[in-house]
Amino acid sequence: MQNFLILIREDIARVKEMSEEAMQAEIQQYTRWVEKLAETNNFVSGDPLENYGNWMTSESVRSDGPFMESKEVITGYIMMQAENLDHATELAKTCPIFETGGMLEVRPIMKF
Amino acid sequence: MAAADKLSIQQEVSRLYQAHAGALLASLLSYFKLSQMEMAEDVVQDTFEAAWLDWSKKGLPDHPKAWLFKVCKNKALKAMQRKSYQDRRYGSTPPERGGAAALDRAFLPHEIADTQLRLLFATCHPDLSPKARIMLTLKTQAGFKTEEIAKGLGMQAEAVKRQLSRCRAFLRERNIPLKVPFLLQSQPRLNSVHQVLYLLFNEGYYASGGEVGIRKELCWEALRLTRTLLDTPKIARGDTYALFALMLFHSARMEARLGANGIMIDLENQDRKLWDRALIQSGIHFFNQAEASAGWSRYHGEAAIASLHCTSASFAKTPWASILKIYDRLLELEDSPFTRFNRCIALFYGGEPEKAVQELRQLAPGPDPVLYEASLAKLYGVMGQKERSREHYRRAMAYAFSPFERRAIREKLEKLGGGAL
């Protein structure tokens, strides 16, 4: 078993405009998804991110980062354990994010 | 060591258990995972047994709480090492836990508070029965022992044990995670938490079985946990405030409800001077906050009714018309036999006794036939229909199990006169 970081990216404008009902429906979906991952012992941890933050370089600190306007803002992460990258990818395919047009990044945690 | 010292150490150990067993268990569960509840419970029990053995020989340490946390951590590490060794021996890979550093993190004060809250939301899982959720809550949040849960809920210890072991199996088989992203924001889950705390309070407040001391603790525990929801502003909603207010209004009357021999005194006959004014004031404060928020729930309605009772100078001055309106609104929200039953009582004292009794007779006795029959008996008594009153008290007696109820009914029958049972 190996650990994988799943970065969840989506259009932040969509997230900001969501109604309370839509938000609650999504929470239900994600809860079920995470419980399923946990049932097969693949879920390790995960958290949603606030939709604000600071983007820093050696010269500047900006609160409206270069990605804030894009459709690819990281809105959360999941840490899962899987046999290998293929397995992790198969598991990630079941993520509800694809129903709302978002995208995922599946990255093995380096281990040596 | 002198016997008196031993006694005081024993008292101190049980006080520390009440204060910290829940926090220790939560920390361990965030380290071990929910699926290993039994192991976490064993470590907590071992810790307090070790404290008792060590302290009764050497006396109290300078910082008993720090002692407990340190010993608990060491025992957890050892238990984990044993488990990993066994897992490897039987060919399965032990999950990574990050060793002592991760365990230290699990014991940080702000982590403990967060974990306890997440644990509450995790154990109020919709796939568990409400009763199972209550037991798990008592076990994991307050460190109640199996016998205490049994006494509090008026159940057999064996039945509680069986139910708890089914709960542990559910958590293990489904591998329910403690930290599900977004779960603290889930409104249906918050509804379930509210319901569990409401039922927990009611078990303590209304149930006819169980021991008085333990049942009061159920009420305090429900109040304490509701308070932790209120202390998390992102979680608390208007109905959380209403629920808390409702519990405060009821708690204000707790002492006055309890007669000298454990018999419940009904609202009409309570000594209102015994009602706790500070709790009523506090209830009003939180009720106002509930009213200021959007939405109206059954907790708003029940708190409103309780507040009207609490602020009436006497039973005769109860504003029944206002109460009746609130019951109508509650029925619109959710039609339940319990609400219909209470509405009939309000209708009776509100000036329509004939109609109220007629409506009451149309309701089925429901899950609490003792209360149903005894209430009908009482209302007939108020109307001067002694024979009917006696008849319904006799029916109530046929259903009554607890010695408190039986004694209370016997006293009523004796007052009515006209022959034995």
# chains A, B, ... in the order shown; residues from 1 in each chain; ligands from 1
>>> residues_around(residues="Glu21 in chain A", least_positions_apart="4", cutoff="12 Å", atoms="only C-alpha atoms", output="list in words")
Glu17, Ala25, Glu26, Ile27 and Gln28 of chain A; Ser186, Gln187 and Pro188 of chain B
>>> write_last_selection(atoms="C-alpha atoms", output="compact mmCIF listing (two decimals), in the first residue's frame")
# COMPACT_ATOMS: atom_id res chain seq x y z
CA GLU A 17 -22.63 30.84 -6.34
CA ALA A 25 -26.66 17.80 -1.63
CA GLU A 26 -22.95 17.84 -2.45
CA ILE A 27 -21.98 17.33 1.18
CA GLN A 28 -24.21 14.21 1.23
CA SER B 186 -23.91 18.60 7.05
CA GLN B 187 -27.39 19.82 8.03
CA PRO B 188 -29.02 16.35 8.10
>>> residues_around(residues="Asn84 in chain A", least_positions_apart="6", cutoff="12 Å", atoms="only C-alpha atoms", output="list in words")
Met1, Gln2, Asn3, Phe4, Asn42, Glu90, Leu91, Val106, Arg107, Pro108 and Ile109 of chain A
>>> write_last_selection(atoms="N, CA and C atoms", output="short mmCIF file (atom, residue, chain, number, x, y, z; two decimals), in the first residue's frame")
data_model
loop_
_atom_site.label_atom_id
_atom_site.label_comp_id
_atom_site.auth_asym_id
_atom_site.auth_seq_id
_atom_site.Cartn_x
_atom_site.Cartn_y
_atom_site.Cartn_z
N MET A 1 0.83 -1.21 0.00
CA MET A 1 0.00 0.00 0.00
C MET A 1 0.86 1.25 0.00
N GLN A 2 0.38 2.25 -0.73
CA GLN A 2 1.13 3.48 -0.88
C GLN A 2 0.14 4.64 -0.69
N ASN A 3 0.65 5.77 -0.21
CA ASN A 3 -0.25 6.91 -0.01
C ASN A 3 -0.29 7.82 -1.24
N PHE A 4 -1.48 8.36 -1.50
CA PHE A 4 -1.67 9.26 -2.64
C PHE A 4 -2.38 10.53 -2.20
N ASN A 42 -9.36 2.58 2.12
CA ASN A 42 -8.52 3.39 1.24
C ASN A 42 -8.48 4.87 1.65
N GLU A 90 -8.25 4.54 -10.33
CA GLU A 90 -9.56 3.90 -10.39
C GLU A 90 -10.46 4.40 -9.26
N LEU A 91 -9.89 4.47 -8.06
CA LEU A 91 -10.67 4.94 -6.90
C LEU A 91 -11.08 6.39 -7.09
N VAL A 106 -3.93 13.14 -9.13
CA VAL A 106 -3.58 12.01 -8.26
C VAL A 106 -2.07 11.92 -8.18
N ARG A 107 -1.48 12.18 -7.04
CA ARG A 107 -0.03 12.23 -6.92
C ARG A 107 0.46 11.29 -5.81
N PRO A 108 1.33 10.34 -6.19
CA PRO A 108 1.89 9.46 -5.15
C PRO A 108 2.75 10.27 -4.18
N ILE A 109 2.65 9.95 -2.91
CA ILE A 109 3.54 10.57 -1.92
C ILE A 109 4.90 9.89 -2.07
#
>>> closest_atom_pairs(of="chain B", to="chain A", cutoff="10 Å", atoms="only C-alpha atoms", output="CSV")
residue,atom,partner,partner_atom,distance
B:Thr93,CA,A:Met1,CA,8.4
B:Pro95,CA,A:Met1,CA,9.2
B:Glu96,CA,A:Val44,CA,9.6
B:Leu171,CA,A:Glu39,CA,9.7
B:Arg172,CA,A:Glu39,CA,9.0
B:Glu173,CA,A:Glu39,CA,7.3
B:Arg174,CA,A:Glu39,CA,5.0
B:Asn175,CA,A:Glu39,CA,5.1
B:Ile176,CA,A:Glu35,CA,6.4
B:Pro177,CA,A:Ala38,CA,6.4
B:Leu178,CA,A:Ser45,CA,9.3
B:Lys179,CA,A:Ser45,CA,7.0
B:Val180,CA,A:Thr31,CA,6.6
B:Pro181,CA,A:Asp47,CA,4.9
B:Phe182,CA,A:Ile27,CA,6.2
B:Leu183,CA,A:Thr31,CA,6.8
B:Leu184,CA,A:Ile27,CA,9.8
B:Gln185,CA,A:Ile27,CA,7.8
B:Ser186,CA,A:Ile27,CA,6.3
B:Gln187,CA,A:Gln24,CA,7.0
B:Pro188,CA,A:Gln24,CA,8.5
B:Arg189,CA,A:Gln28,CA,9.4
>>> select_by_dssp(residues="chain A", states="helix (DSSP H, G or I)", output="ChimeraX atom specification")
/A:12-17,20-39,85-92,96-100
>>> residues_around(residues="Ala356 in chain B", least_positions_apart="6", cutoff="12 Å", atoms="only C-alpha atoms", output="list of chain:residue names")
B:Leu324, B:Arg340, B:Phe341, B:Asn342, B:Arg343, B:Cys344, B:Ile345, B:Ala346, B:Leu347, B:Phe348, B:Tyr349, B:Gly350, B:Gln362, B:Leu363, B:Ser375, B:Leu376, B:Leu379, B:Tyr380, B:Met383
>>> residues_around(residues="Glu105 in chain A", least_positions_apart="5", cutoff="12 Å", atoms="only C-alpha atoms", output="PyMOL selection string")
chain A and resi 4-10+72-79+85+88-89+92-93+95+97
>>> write_last_selection(atoms="N, CA and C atoms", output="PDB file, in the first residue's frame")
ATOM      1  N   PHE A   4      -1.485   8.358  -1.498  1.00  0.00           N
ATOM      2  CA  PHE A   4      -1.668   9.264  -2.642  1.00  0.00           C
ATOM      3  C   PHE A   4      -2.384  10.528  -2.203  1.00  0.00           C
ATOM      4  N   LEU A   5      -1.921  11.647  -2.705  1.00  0.00           N
ATOM      5  CA  LEU A   5      -2.613  12.908  -2.457  1.00  0.00           C
ATOM      6  C   LEU A   5      -3.501  13.204  -3.656  1.00  0.00           C
ATOM      7  N   ILE A   6      -4.790  13.351  -3.386  1.00  0.00           N
ATOM      8  CA  ILE A   6      -5.721  13.693  -4.456  1.00  0.00           C
ATOM      9  C   ILE A   6      -6.052  15.171  -4.293  1.00  0.00           C
ATOM     10  N   LEU A   7      -5.640  15.981  -5.240  1.00  0.00           N
ATOM     11  CA  LEU A   7      -5.958  17.408  -5.193  1.00  0.00           C
ATOM     12  C   LEU A   7      -7.231  17.645  -5.981  1.00  0.00           C
ATOM     13  N   ILE A   8      -8.180  18.298  -5.347  1.00  0.00           N
ATOM     14  CA  ILE A   8      -9.466  18.550  -6.003  1.00  0.00           C
ATOM     15  C   ILE A   8      -9.445  19.976  -6.553  1.00  0.00           C
ATOM     16  N   ARG A   9      -9.632  20.090  -7.848  1.00  0.00           N
ATOM     17  CA  ARG A   9      -9.629  21.420  -8.474  1.00  0.00           C
ATOM     18  C   ARG A   9     -10.981  21.686  -9.105  1.00  0.00           C
ATOM     19  N   GLU A  10     -11.478  22.898  -8.900  1.00  0.00           N
ATOM     20  CA  GLU A  10     -12.750  23.235  -9.568  1.00  0.00           C
ATOM     21  C   GLU A  10     -12.901  24.727  -9.766  1.00  0.00           C
ATOM     22  N   GLU A  72      -9.528  26.305 -12.099  1.00  0.00           N
ATOM     23  CA  GLU A  72      -8.718  25.211 -11.571  1.00  0.00           C
ATOM     24  C   GLU A  72      -8.158  25.497 -10.185  1.00  0.00           C
ATOM     25  N   VAL A  73      -8.988  26.056  -9.330  1.00  0.00           N
ATOM     26  CA  VAL A  73      -8.523  26.369  -7.979  1.00  0.00           C
ATOM     27  C   VAL A  73      -8.625  25.108  -7.115  1.00  0.00           C
ATOM     28  N   ILE A  74      -7.599  24.899  -6.302  1.00  0.00           N
ATOM     29  CA  ILE A  74      -7.657  23.741  -5.395  1.00  0.00           C
ATOM     30  C   ILE A  74      -8.670  24.046  -4.293  1.00  0.00           C
ATOM     31  N   THR A  75      -9.711  23.219  -4.183  1.00  0.00           N
ATOM     32  CA  THR A  75     -10.742  23.487  -3.170  1.00  0.00           C
ATOM     33  C   THR A  75     -10.725  22.441  -2.057  1.00  0.00           C
ATOM     34  N   GLY A  76      -9.851  21.440  -2.203  1.00  0.00           N
ATOM     35  CA  GLY A  76      -9.777  20.451  -1.145  1.00  0.00           C
ATOM     36  C   GLY A  76      -8.785  19.365  -1.500  1.00  0.00           C
ATOM     37  N   TYR A  77      -8.538  18.491  -0.531  1.00  0.00           N
ATOM     38  CA  TYR A  77      -7.624  17.386  -0.821  1.00  0.00           C
ATOM     39  C   TYR A  77      -8.085  16.137  -0.095  1.00  0.00           C
ATOM     40  N   ILE A  78      -7.708  15.014  -0.631  1.00  0.00           N
ATOM     41  CA  ILE A  78      -7.971  13.722   0.025  1.00  0.00           C
ATOM     42  C   ILE A  78      -6.647  12.956   0.033  1.00  0.00           C
ATOM     43  N   MET A  79      -6.340  12.361   1.146  1.00  0.00           N
ATOM     44  CA  MET A  79      -5.188  11.469   1.195  1.00  0.00           C
ATOM     45  C   MET A  79      -5.768  10.054   1.195  1.00  0.00           C
ATOM     46  N   LEU A  85      -0.487   3.481  -8.541  1.00  0.00           N
ATOM     47  CA  LEU A  85      -1.103   4.653  -9.175  1.00  0.00           C
ATOM     48  C   LEU A  85      -2.381   4.287  -9.938  1.00  0.00           C
ATOM     49  N   ALA A  88      -5.138   3.816  -7.443  1.00  0.00           N
ATOM     50  CA  ALA A  88      -5.542   5.116  -6.907  1.00  0.00           C
ATOM     51  C   ALA A  88      -6.385   5.874  -7.934  1.00  0.00           C
ATOM     52  N   THR A  89      -6.009   5.764  -9.188  1.00  0.00           N
ATOM     53  CA  THR A  89      -6.744   6.457 -10.253  1.00  0.00           C
ATOM     54  C   THR A  89      -8.154   5.875 -10.395  1.00  0.00           C
ATOM     55  N   ALA A  92     -10.152   7.199  -7.602  1.00  0.00           N
ATOM     56  CA  ALA A  92     -10.428   8.628  -7.755  1.00  0.00           C
ATOM     57  C   ALA A  92     -11.521   8.876  -8.791  1.00  0.00           C
ATOM     58  N   LYS A  93     -11.675   7.939  -9.741  1.00  0.00           N
ATOM     59  CA  LYS A  93     -12.694   8.093 -10.776  1.00  0.00           C
ATOM     60  C   LYS A  93     -14.105   8.183 -10.202  1.00  0.00           C
ATOM     61  N   CYS A  95     -15.020   9.839  -7.675  1.00  0.00           N
ATOM     62  CA  CYS A  95     -15.220  11.095  -6.933  1.00  0.00           C
ATOM     63  C   CYS A  95     -16.364  11.926  -7.538  1.00  0.00           C
ATOM     64  N   ILE A  97     -16.718  14.902  -7.834  1.00  0.00           N
ATOM     65  CA  ILE A  97     -16.280  16.151  -8.474  1.00  0.00           C
ATOM     66  C   ILE A  97     -16.549  16.141  -9.976  1.00  0.00           C
TER      67      ILE A  97
END
>>> atom_distance(atom1="CA of Thr115 in chain B", atom2="CA of Lys33 in chain B")
11.3 Å
>>> atom_distance(atom1="CA of Ser307 in chain B", atom2="CA of Leu246 in chain B")
7.9 Å
>>> select_by_dssp(residues="range 16-76 of chain A", states="strand (DSSP E)", output="list in words")
Phe43, Val44, Ser45, Gly46, Asp47, Pro48, Trp55, Met56, Val61, Arg62, Val73, Ile74, Thr75 and Gly76 of chain A
>>> write_last_selection(atoms="all heavy atoms", output="tab-separated table (two decimals), in the first residue's frame")
chain	number	residue	atom	x	y	z
A	43	PHE	N	-9.40	5.27	2.53
A	43	PHE	CA	-9.42	6.67	2.96
A	43	PHE	C	-8.43	6.89	4.10
A	43	PHE	O	-8.41	6.12	5.06
A	43	PHE	CB	-10.83	7.05	3.40
A	43	PHE	CG	-10.95	8.45	3.96
A	43	PHE	CD1	-10.94	9.55	3.11
A	43	PHE	CD2	-11.07	8.66	5.33
A	43	PHE	CE1	-11.05	10.84	3.62
A	43	PHE	CE2	-11.18	9.94	5.84
A	43	PHE	CZ	-11.18	11.03	4.98
A	44	VAL	N	-7.59	7.90	3.99
A	44	VAL	CA	-6.68	8.23	5.09
A	44	VAL	C	-7.13	9.51	5.78
A	44	VAL	O	-7.37	9.53	6.98
A	44	VAL	CB	-5.21	8.36	4.60
A	44	VAL	CG1	-4.30	8.79	5.75
A	44	VAL	CG2	-4.74	7.05	4.00
A	45	SER	N	-7.23	10.59	5.02
A	45	SER	CA	-7.72	11.85	5.59
A	45	SER	C	-8.11	12.78	4.46
A	45	SER	O	-7.97	12.44	3.28
A	45	SER	CB	-6.64	12.49	6.44
A	45	SER	OG	-5.53	12.85	5.63
A	46	GLY	N	-8.59	13.94	4.82
A	46	GLY	CA	-8.98	14.89	3.79
A	46	GLY	C	-9.64	16.09	4.41
A	46	GLY	O	-10.17	16.00	5.52
A	47	ASP	N	-9.61	17.20	3.73
A	47	ASP	CA	-10.24	18.43	4.21
A	47	ASP	C	-10.60	19.30	3.03
A	47	ASP	O	-9.89	19.32	2.02
A	47	ASP	CB	-9.27	19.22	5.10
A	47	ASP	CG	-9.16	18.64	6.49
A	47	ASP	OD1	-10.19	18.57	7.17
A	47	ASP	OD2	-8.04	18.25	6.88
A	48	PRO	N	-11.68	20.06	3.17
A	48	PRO	CA	-11.94	21.11	2.18
A	48	PRO	C	-11.07	22.32	2.51
A	48	PRO	O	-10.64	22.47	3.66
A	48	PRO	CB	-13.42	21.42	2.38
A	48	PRO	CG	-13.74	20.99	3.77
A	48	PRO	CD	-12.74	19.96	4.18
A	55	TRP	N	-1.03	34.11	-1.88
A	55	TRP	CA	-0.15	33.54	-2.88
A	55	TRP	C	1.16	34.32	-2.84
A	55	TRP	O	1.17	35.54	-3.01
A	55	TRP	CB	-0.80	33.63	-4.27
A	55	TRP	CG	-1.82	32.54	-4.44
A	55	TRP	CD1	-1.65	31.37	-5.08
A	55	TRP	CD2	-3.16	32.51	-3.91
A	55	TRP	NE1	-2.79	30.60	-4.99
A	55	TRP	CE2	-3.73	31.27	-4.27
A	55	TRP	CE3	-3.93	33.41	-3.14
A	55	TRP	CZ2	-5.03	30.92	-3.93
A	55	TRP	CZ3	-5.21	33.06	-2.80
A	55	TRP	CH2	-5.75	31.81	-3.18
A	56	MET	N	2.23	33.65	-2.59
A	56	MET	CA	3.49	34.35	-2.30
A	56	MET	C	4.59	33.98	-3.29
A	56	MET	O	4.69	32.86	-3.75
A	56	MET	CB	3.96	33.98	-0.89
A	56	MET	CG	2.94	34.32	0.17
A	56	MET	SD	3.30	33.49	1.72
A	56	MET	CE	4.84	34.29	2.13
A	61	VAL	N	3.27	39.24	-1.67
A	61	VAL	CA	2.23	38.41	-1.08
A	61	VAL	C	0.91	38.93	-1.61
A	61	VAL	O	0.59	40.11	-1.44
A	61	VAL	CB	2.24	38.52	0.47
A	61	VAL	CG1	1.08	37.73	1.05
A	61	VAL	CG2	3.56	38.03	1.04
A	62	ARG	N	0.16	38.07	-2.31
A	62	ARG	CA	-1.12	38.54	-2.87
A	62	ARG	C	-2.26	37.66	-2.37
A	62	ARG	O	-2.13	36.45	-2.29
A	62	ARG	CB	-1.06	38.50	-4.40
A	62	ARG	CG	-0.08	39.50	-4.99
A	62	ARG	CD	0.10	39.23	-6.47
A	62	ARG	NE	-1.20	39.20	-7.16
A	62	ARG	CZ	-1.32	38.83	-8.43
A	62	ARG	NH1	-0.26	38.46	-9.13
A	62	ARG	NH2	-2.49	38.84	-9.01
A	73	VAL	N	-8.99	26.06	-9.33
A	73	VAL	CA	-8.52	26.37	-7.98
A	73	VAL	C	-8.62	25.11	-7.11
A	73	VAL	O	-9.60	24.36	-7.21
A	73	VAL	CB	-9.38	27.50	-7.38
A	73	VAL	CG1	-8.91	27.82	-5.97
A	73	VAL	CG2	-9.29	28.74	-8.26
A	74	ILE	N	-7.60	24.90	-6.30
A	74	ILE	CA	-7.66	23.74	-5.40
A	74	ILE	C	-8.67	24.05	-4.29
A	74	ILE	O	-8.53	25.02	-3.57
A	74	ILE	CB	-6.28	23.47	-4.76
A	74	ILE	CG1	-5.25	23.17	-5.86
A	74	ILE	CG2	-6.37	22.28	-3.79
A	74	ILE	CD1	-3.84	23.03	-5.32
A	75	THR	N	-9.71	23.22	-4.18
A	75	THR	CA	-10.74	23.49	-3.17
A	75	THR	C	-10.73	22.44	-2.06
A	75	THR	O	-11.49	22.54	-1.11
A	75	THR	CB	-12.14	23.49	-3.81
A	75	THR	OG1	-12.31	22.26	-4.52
A	75	THR	CG2	-12.31	24.66	-4.76
A	76	GLY	N	-9.85	21.44	-2.20
A	76	GLY	CA	-9.78	20.45	-1.15
A	76	GLY	C	-8.79	19.37	-1.50
A	76	GLY	O	-8.24	19.35	-2.61
>>> residues_around(residues="range 282-296 of chain B", least_positions_apart="2", cutoff="7 Å", atoms="only C-alpha atoms", output="list of chain:residue names")
B:Gly238, B:Asp239, B:Tyr241, B:Ala242, B:Ala245, B:Leu248, B:Phe249, B:Ala278, B:Leu279, B:Ile280, B:His300
>>> write_last_selection(atoms="N, CA and C atoms", output="compact mmCIF listing (two decimals), in the first residue's frame")
# COMPACT_ATOMS: atom_id res chain seq x y z
N GLY B 238 -30.42 28.29 14.70
CA GLY B 238 -31.49 28.75 15.58
C GLY B 238 -32.07 27.62 16.41
N ASP B 239 -32.25 26.46 15.79
CA ASP B 239 -32.87 25.37 16.56
C ASP B 239 -31.91 24.78 17.59
N TYR B 241 -30.10 26.73 19.51
CA TYR B 241 -30.40 27.63 20.64
C TYR B 241 -31.74 27.25 21.28
N ALA B 242 -32.73 26.93 20.43
CA ALA B 242 -34.04 26.56 20.95
C ALA B 242 -33.96 25.29 21.79
N ALA B 245 -32.41 26.12 25.10
CA ALA B 245 -33.38 26.84 25.94
C ALA B 245 -34.40 25.86 26.53
N LEU B 248 -32.95 24.02 29.35
CA LEU B 248 -32.80 24.87 30.53
C LEU B 248 -34.13 25.05 31.26
N PHE B 249 -35.21 25.30 30.50
CA PHE B 249 -36.53 25.47 31.13
C PHE B 249 -36.93 24.20 31.88
N ALA B 278 -32.53 31.25 38.05
CA ALA B 278 -31.35 31.54 37.22
C ALA B 278 -31.41 30.73 35.92
N LEU B 279 -31.83 29.46 36.04
CA LEU B 279 -31.93 28.63 34.84
C LEU B 279 -33.04 29.14 33.92
N ILE B 280 -34.14 29.62 34.51
CA ILE B 280 -35.23 30.16 33.69
C ILE B 280 -34.75 31.40 32.94
N HIS B 300 -38.21 25.04 18.87
CA HIS B 300 -38.72 26.39 19.13
C HIS B 300 -40.10 26.28 19.81
>>> residues_around(residues="range 198-206 of chain B", least_positions_apart="3", cutoff="7 Å", atoms="only C-alpha atoms", output="ChimeraX atom specification")
/B:134,152-153,194-195,215-216,218-219,222
>>> write_last_selection(atoms="C-alpha atoms", output="JSON list (two decimals), in the first residue's frame")
[["chain", "number", "residue", "atom", "x", "y", "z"],
["B", 134, "ILE", "CA", -27.66, 7.65, 22.46],
["B", 152, "GLY", "CA", -29.85, 5.71, 33.07],
["B", 153, "LEU", "CA", -31.94, 4.28, 30.26],
["B", 194, "HIS", "CA", -29.94, 17.50, 17.83],
["B", 195, "GLN", "CA", -32.32, 14.55, 17.94],
["B", 215, "ARG", "CA", -30.86, 10.20, 35.13],
["B", 216, "LYS", "CA", -29.96, 13.72, 36.22],
["B", 218, "LEU", "CA", -28.07, 12.24, 31.43],
["B", 219, "CYS", "CA", -29.74, 15.67, 31.47],
["B", 222, "ALA", "CA", -27.23, 16.58, 27.09]]
>>> residues_around(residues="Leu331 in chain B", least_positions_apart="4", cutoff="12 Å", atoms="only C-alpha atoms", output="ChimeraX atom specification")
/B:297-298,301-302,324-327,335-343
